[in-house]
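Participant: This is the structure, below, for whatever I ask next.
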Amino acid sequence: MSFTLAIVGRPNVGKSTLFNRLVGKRLALVDDQPGVTRDLREGEARLGDLRFTVIDTAGLEEATDDSLQGRMRRLTERAVEMADVCLFMIDARAGVLPTDEVFADILRKKNAHVLLAANKGEGKAADSGVIEAYALGLGEPLRLSAEHGEGMGDLLAALMPIADEFAEREAEYTPETDVTIPEGAGEDGEDLDFDAQITPQKPLQVAVVGRPNAGKSTLINRIVGEERLLTGPEAGITRDSISLRTEWNGTPMRIFDTAGMRKKAKVQEKLEKLSVSDGLRAVKFAEVVVVLLDVEIPFEQQDLRIADLAEREGRAVVIAANKWDAEPEKQEKLRELKASFEKLLPQLRGAPLVTVSAKTGKGLDRLHAAILRAHEVWNRRVSTARLNRWLGEMVEAHPPPAPSGRRIKLRYMTQAKTRPPGFVVMCSNPEKMSDSYTRYLVNGLRDSFDMPGTPIRLYMRSQADANPYKNRKKSTPSRLRKHLGKKPHGE
């Protein structure tokens, strides 16, 4: 049975560095300044033969009010209560501070399994801090260096008895089950696009992006049904791209919360640059991207850039206008939103536009349906026979241009891929095909095969491009070389 390990401690003691080492990836943002991590980030950790879930938490602060630091502390305390094991980290070079003593007392009351780690323990400068750690009353401290990987064997040895305890507990309470496979299952598998199947093992990947303070974290908390992400009136609270697994209305999903993206010229600090690049990476890994707008100031320049980025990355896009509960003239505002959408984002013509309220939860059912619809269209496949009948009708209705008096002939069409749908047209002189005629075909594909809003890739190829012998050097057959007075090779 896998257990959960929460890494807790003061700001800037190296929690995120250890988290990255345990998961084997640079998932959490790391910087020299304290307080970089604000949300709870989960990852699948691997230490020797041990597999478990690790949680990176915000640095424990002494604030207990409703300030940002106070909310961060409450979120960390919640992670401590959720976790099976807590790894309490101190800075061995700084020694034990009064704040460490306060938090050590809190951890004794909140969690049964608490391990003490003295991080940054490389070198003689950390000796005194390691000795001071004994005074916390949490047992022998583990001397670690998260940055250099020292002490990982000691951490594994400390976790093994806990892992064995959870394994015994699982064996005791897990009932025996018989799994039967119904007859005929999978017989028609060749007709299904298994990449499109949404299962708990392969959940739908959704990224929520937008400008700062649009309500992304609040929306995801509402979807998940609990306060998993830090929220508040301050803009730019989220820094890491946090992924949460959940089941929303029966659909397994993995939802990415991203940092708010400001205009590039305004992003000056190194930490914000890291946050934005982390959000862009989440867009590349997602299947559906929800662009969240603030209904009070929708479709600003940065909103358009974010939506265009998702389209260029080939992701299915859903536009969601948040804070709808605060809008007094809903019908008039909705007409304005639709008109602005069609005018400013023609490349996403037909994409879903949904009004929601993350605060009240109104409109989330429509958002769920729009996400599933966008994902289904993104995975759509059209048979070659239907495509070629359609191509003939399109050419007959509007023939392609004739540059220099020679008409371009469209001979054959097929779908090369899905996610997003990509089509190849075999034709003569593809380099002379005009962009306007390509747009004519793309818009026709959207209308005829019910693919609104999804990015469509259309490639023009000549038949010569498909010829494997096109650039091959011609050789003279051996029987002809004799007649030409040339000796065959090897004589």
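Chain labels A, B, ... are given in the sequence in which chains occur in the structure tokens; within each chain residues are numbered consecutively from 1, and ligands are likewise numbered from 1 in the order shown.
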Which polymer residues have any atom within 10 Å of an atom of range 435-452 of chain A, counting only C-alpha atoms, with same-chain residues fewer than 5 positions away left out, as a ChimeraX atom specification?
Facilitator: /A:347-352,373-374,376-382,386-387,390-391,394-395,398-401,421,423,457-460
Participant: For Thr53 in chain A, find every residue with an atom within 12 Å (counting only C-alpha atoms), except residues of its own chain fewer than 4 positions away, and show them as a list of chain:residue names.
Facilitator: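 Those residues are A:Met1, A:Ser2, A:Phe3, A:Thr4, A:Leu5, A:Ala6, A:Ile7, A:Phe19, A:Leu22, A:Val23, A:Arg41, A:Glu42, A:Gly43, A:Glu44, A:Ala45, A:Arg46, A:Leu47, A:Met82, A:Ala83, A:Asp84, A:Val85, A:Cys86, A:Ala163.
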Participant: I need the residues from that last selection saved to file as a PDB file, in the first residue's frame (with N, CA and C atoms), if you can.
Facilitator:
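part_32.pdb was written with the following content:
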ATOM      1  N   MET A   1       0.842  -1.190   0.000  1.00  0.00           N
ATOM      2  CA  MET A   1       0.000   0.000   0.000  1.00  0.00           C
ATOM      3  C   MET A   1       0.879   1.243   0.000  1.00  0.00           C
ATOM      4  N   SER A   2       0.636   2.159  -0.887  1.00  0.00           N
ATOM      5  CA  SER A   2       1.414   3.383  -0.946  1.00  0.00           C
ATOM      6  C   SER A   2       0.983   4.331   0.161  1.00  0.00           C
ATOM      7  N   PHE A   3       1.952   4.996   0.760  1.00  0.00           N
ATOM      8  CA  PHE A   3       1.654   5.969   1.808  1.00  0.00           C
ATOM      9  C   PHE A   3       1.952   7.370   1.286  1.00  0.00           C
ATOM     10  N   THR A   4       1.556   8.374   2.070  1.00  0.00           N
ATOM     11  CA  THR A   4       1.743   9.769   1.681  1.00  0.00           C
ATOM     12  C   THR A   4       2.705  10.438   2.648  1.00  0.00           C
ATOM     13  N   LEU A   5       3.715  11.110   2.083  1.00  0.00           N
ATOM     14  CA  LEU A   5       4.721  11.805   2.873  1.00  0.00           C
ATOM     15  C   LEU A   5       4.608  13.301   2.604  1.00  0.00           C
ATOM     16  N   ALA A   6       4.387  14.093   3.661  1.00  0.00           N
ATOM     17  CA  ALA A   6       4.337  15.550   3.536  1.00  0.00           C
ATOM     18  C   ALA A   6       5.646  16.141   4.038  1.00  0.00           C
ATOM     19  N   ILE A   7       6.252  17.002   3.215  1.00  0.00           N
ATOM     20  CA  ILE A   7       7.493  17.680   3.591  1.00  0.00           C
ATOM     21  C   ILE A   7       7.123  19.051   4.128  1.00  0.00           C
ATOM     22  N   PHE A  19      11.684  17.599  -2.759  1.00  0.00           N
ATOM     23  CA  PHE A  19      10.535  17.104  -3.531  1.00  0.00           C
ATOM     24  C   PHE A  19      10.966  16.760  -4.950  1.00  0.00           C
ATOM     25  N   LEU A  22      13.009  13.555  -5.048  1.00  0.00           N
ATOM     26  CA  LEU A  22      12.245  12.323  -4.811  1.00  0.00           C
ATOM     27  C   LEU A  22      11.404  11.935  -6.022  1.00  0.00           C
ATOM     28  N   VAL A  23      10.824  12.923  -6.730  1.00  0.00           N
ATOM     29  CA  VAL A  23       9.996  12.598  -7.897  1.00  0.00           C
ATOM     30  C   VAL A  23      10.841  12.432  -9.155  1.00  0.00           C
ATOM     31  N   ARG A  41       1.642  20.644  -3.661  1.00  0.00           N
ATOM     32  CA  ARG A  41       1.951  19.940  -4.915  1.00  0.00           C
ATOM     33  C   ARG A  41       2.227  18.474  -4.591  1.00  0.00           C
ATOM     34  N   GLU A  42       1.523  17.574  -5.296  1.00  0.00           N
ATOM     35  CA  GLU A  42       1.708  16.139  -5.097  1.00  0.00           C
ATOM     36  C   GLU A  42       2.527  15.552  -6.239  1.00  0.00           C
ATOM     37  N   GLY A  43       3.269  14.493  -5.938  1.00  0.00           N
ATOM     38  CA  GLY A  43       4.044  13.802  -6.958  1.00  0.00           C
ATOM     39  C   GLY A  43       4.272  12.363  -6.560  1.00  0.00           C
ATOM     40  N   GLU A  44       4.549  11.520  -7.559  1.00  0.00           N
ATOM     41  CA  GLU A  44       4.844  10.109  -7.318  1.00  0.00           C
ATOM     42  C   GLU A  44       6.346   9.970  -7.066  1.00  0.00           C
ATOM     43  N   ALA A  45       6.708   9.630  -5.841  1.00  0.00           N
ATOM     44  CA  ALA A  45       8.113   9.582  -5.446  1.00  0.00           C
ATOM     45  C   ALA A  45       8.664   8.166  -5.565  1.00  0.00           C
ATOM     46  N   ARG A  46       9.982   8.134  -5.783  1.00  0.00           N
ATOM     47  CA  ARG A  46      10.686   6.852  -5.875  1.00  0.00           C
ATOM     48  C   ARG A  46      11.992   6.980  -5.095  1.00  0.00           C
ATOM     49  N   LEU A  47      12.174   6.090  -4.128  1.00  0.00           N
ATOM     50  CA  LEU A  47      13.381   6.090  -3.319  1.00  0.00           C
ATOM     51  C   LEU A  47      13.809   4.635  -3.143  1.00  0.00           C
ATOM     52  N   MET A  82      -3.682  15.296   6.454  1.00  0.00           N
ATOM     53  CA  MET A  82      -3.973  14.334   5.393  1.00  0.00           C
ATOM     54  C   MET A  82      -2.887  13.276   5.269  1.00  0.00           C
ATOM     55  N   ALA A  83      -1.624  13.638   5.510  1.00  0.00           N
ATOM     56  CA  ALA A  83      -0.493  12.757   5.225  1.00  0.00           C
ATOM     57  C   ALA A  83      -0.369  11.636   6.248  1.00  0.00           C
ATOM     58  N   ASP A  84       0.207  10.522   5.803  1.00  0.00           N
ATOM     59  CA  ASP A  84       0.494   9.415   6.707  1.00  0.00           C
ATOM     60  C   ASP A  84       1.792   9.650   7.473  1.00  0.00           C
ATOM     61  N   VAL A  85       2.740  10.317   6.839  1.00  0.00           N
ATOM     62  CA  VAL A  85       4.048  10.591   7.451  1.00  0.00           C
ATOM     63  C   VAL A  85       4.407  12.043   7.185  1.00  0.00           C
ATOM     64  N   CYS A  86       5.042  12.695   8.149  1.00  0.00           N
ATOM     65  CA  CYS A  86       5.544  14.060   7.956  1.00  0.00           C
ATOM     66  C   CYS A  86       7.056  14.061   8.084  1.00  0.00           C
ATOM     67  N   ALA A 163       6.545   1.873   5.661  1.00  0.00           N
ATOM     68  CA  ALA A 163       5.982   1.251   4.456  1.00  0.00           C
ATOM     69  C   ALA A 163       5.516  -0.168   4.741  1.00  0.00           C
TER      70      ALA A 163
END
Participant: Can you list, as a list in words, every residue of range 371-443 of chain A that DSSP puts in strand (DSSP E)?
Facilitator: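 DSSP-assigned strand (DSSP E) residues in range 371-443 of chain A: Leu410, Arg411, Tyr412, Met413, Thr414, Gln415, Ala416, Lys417, Gly422, Phe423, Val424, Val425, Met426 and Cys427 of chain A.
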Participant: If you keep N, CA and C atoms, can you produce a file of those selected residues as a PDB file, in the first residue's frame?
Facilitator:
ATOM      1  N   LEU A 410      -6.707  18.931 -57.346  1.00  0.00           N
ATOM      2  CA  LEU A 410      -6.784  18.242 -56.054  1.00  0.00           C
ATOM      3  C   LEU A 410      -7.210  16.806 -56.318  1.00  0.00           C
ATOM      4  N   ARG A 411      -6.314  15.861 -56.098  1.00  0.00           N
ATOM      5  CA  ARG A 411      -6.549  14.473 -56.524  1.00  0.00           C
ATOM      6  C   ARG A 411      -7.079  13.567 -55.412  1.00  0.00           C
ATOM      7  N   TYR A 412      -6.624  13.770 -54.201  1.00  0.00           N
ATOM      8  CA  TYR A 412      -6.884  12.764 -53.169  1.00  0.00           C
ATOM      9  C   TYR A 412      -6.739  13.421 -51.798  1.00  0.00           C
ATOM     10  N   MET A 413      -7.507  12.950 -50.806  1.00  0.00           N
ATOM     11  CA  MET A 413      -7.449  13.512 -49.459  1.00  0.00           C
ATOM     12  C   MET A 413      -7.622  12.409 -48.427  1.00  0.00           C
ATOM     13  N   THR A 414      -6.871  12.518 -47.341  1.00  0.00           N
ATOM     14  CA  THR A 414      -7.001  11.546 -46.253  1.00  0.00           C
ATOM     15  C   THR A 414      -6.676  12.230 -44.933  1.00  0.00           C
ATOM     16  N   GLN A 415      -7.146  11.633 -43.847  1.00  0.00           N
ATOM     17  CA  GLN A 415      -6.815  12.166 -42.517  1.00  0.00           C
ATOM     18  C   GLN A 415      -5.565  11.472 -42.005  1.00  0.00           C
ATOM     19  N   ALA A 416      -4.529  12.258 -41.723  1.00  0.00           N
ATOM     20  CA  ALA A 416      -3.248  11.700 -41.298  1.00  0.00           C
ATOM     21  C   ALA A 416      -3.199  11.444 -39.805  1.00  0.00           C
ATOM     22  N   LYS A 417      -3.903  12.277 -39.004  1.00  0.00           N
ATOM     23  CA  LYS A 417      -3.816  12.120 -37.548  1.00  0.00           C
ATOM     24  C   LYS A 417      -5.017  12.788 -36.884  1.00  0.00           C
ATOM     25  N   GLY A 422      -5.666  16.323 -38.417  1.00  0.00           N
ATOM     26  CA  GLY A 422      -4.743  16.754 -39.466  1.00  0.00           C
ATOM     27  C   GLY A 422      -5.055  16.029 -40.765  1.00  0.00           C
ATOM     28  N   PHE A 423      -5.125  16.758 -41.860  1.00  0.00           N
ATOM     29  CA  PHE A 423      -5.512  16.198 -43.154  1.00  0.00           C
ATOM     30  C   PHE A 423      -4.430  16.491 -44.193  1.00  0.00           C
ATOM     31  N   VAL A 424      -4.280  15.580 -45.144  1.00  0.00           N
ATOM     32  CA  VAL A 424      -3.316  15.732 -46.235  1.00  0.00           C
ATOM     33  C   VAL A 424      -4.078  15.686 -47.555  1.00  0.00           C
ATOM     34  N   VAL A 425      -3.823  16.680 -48.419  1.00  0.00           N
ATOM     35  CA  VAL A 425      -4.421  16.723 -49.754  1.00  0.00           C
ATOM     36  C   VAL A 425      -3.302  16.543 -50.773  1.00  0.00           C
ATOM     37  N   MET A 426      -3.413  15.503 -51.608  1.00  0.00           N
ATOM     38  CA  MET A 426      -2.451  15.295 -52.688  1.00  0.00           C
ATOM     39  C   MET A 426      -2.904  16.133 -53.882  1.00  0.00           C
ATOM     40  N   CYS A 427      -2.008  16.981 -54.378  1.00  0.00           N
ATOM     41  CA  CYS A 427      -2.382  17.894 -55.450  1.00  0.00           C
ATOM     42  C   CYS A 427      -1.164  18.240 -56.293  1.00  0.00           C
TER      43      CYS A 427
END
Participant: Measure the distance from CA of Asp127 in chain A to CA of Glu140 in chain A in Å and round it to one decimal.
Facilitator: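 Answer for the CA of Asp127 in chain A to CA of Glu140 in chain A separation: 13.7 Å.
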Participant: Just to confirm, what's the straight-line distance from CA of Lys338 in chain A to CA of Ile220 in chain A in Å (one decimal)?
Facilitator: 24.3 Å
Participant: Report, in Å to a single decimal, how far apart CA of Ala326 in chain A and CA of Ile371 in chain A are.
Facilitator: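 Rounded to one decimal, the two atoms are 23.7 Å apart.
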Participant: Would you list the contacts of Leu334 in chain A as a ChimeraX atom specification, taking every protein, DNA or RNA residue within 12 Å and counting only C-alpha atoms, but skipping same-chain residues closer than 3 positions in sequence?
Facilitator: /A:295-296,298,320-321,324,327-331,337-341,353-356
Participant: Using only C-alpha atoms, find the one residue out of A:Ala135, A:Lys216, A:Ala118, A:Ile198 that sits nearest to Pro98 in chain A.
Facilitator: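 Answer, going by the shortest atom-to-atom distance: A:Ala135.
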Participant: Compile the contact shell of Leu244 in chain A as a PyMOL selection string: residues with an atom at most 12 Å away, counting only C-alpha atoms, same-chain residues fewer than 2 positions apart removed.
Facilitator: chain A and resi 39-43+55+203-208+217+220-221+223-229+241-242+246-248+252-258
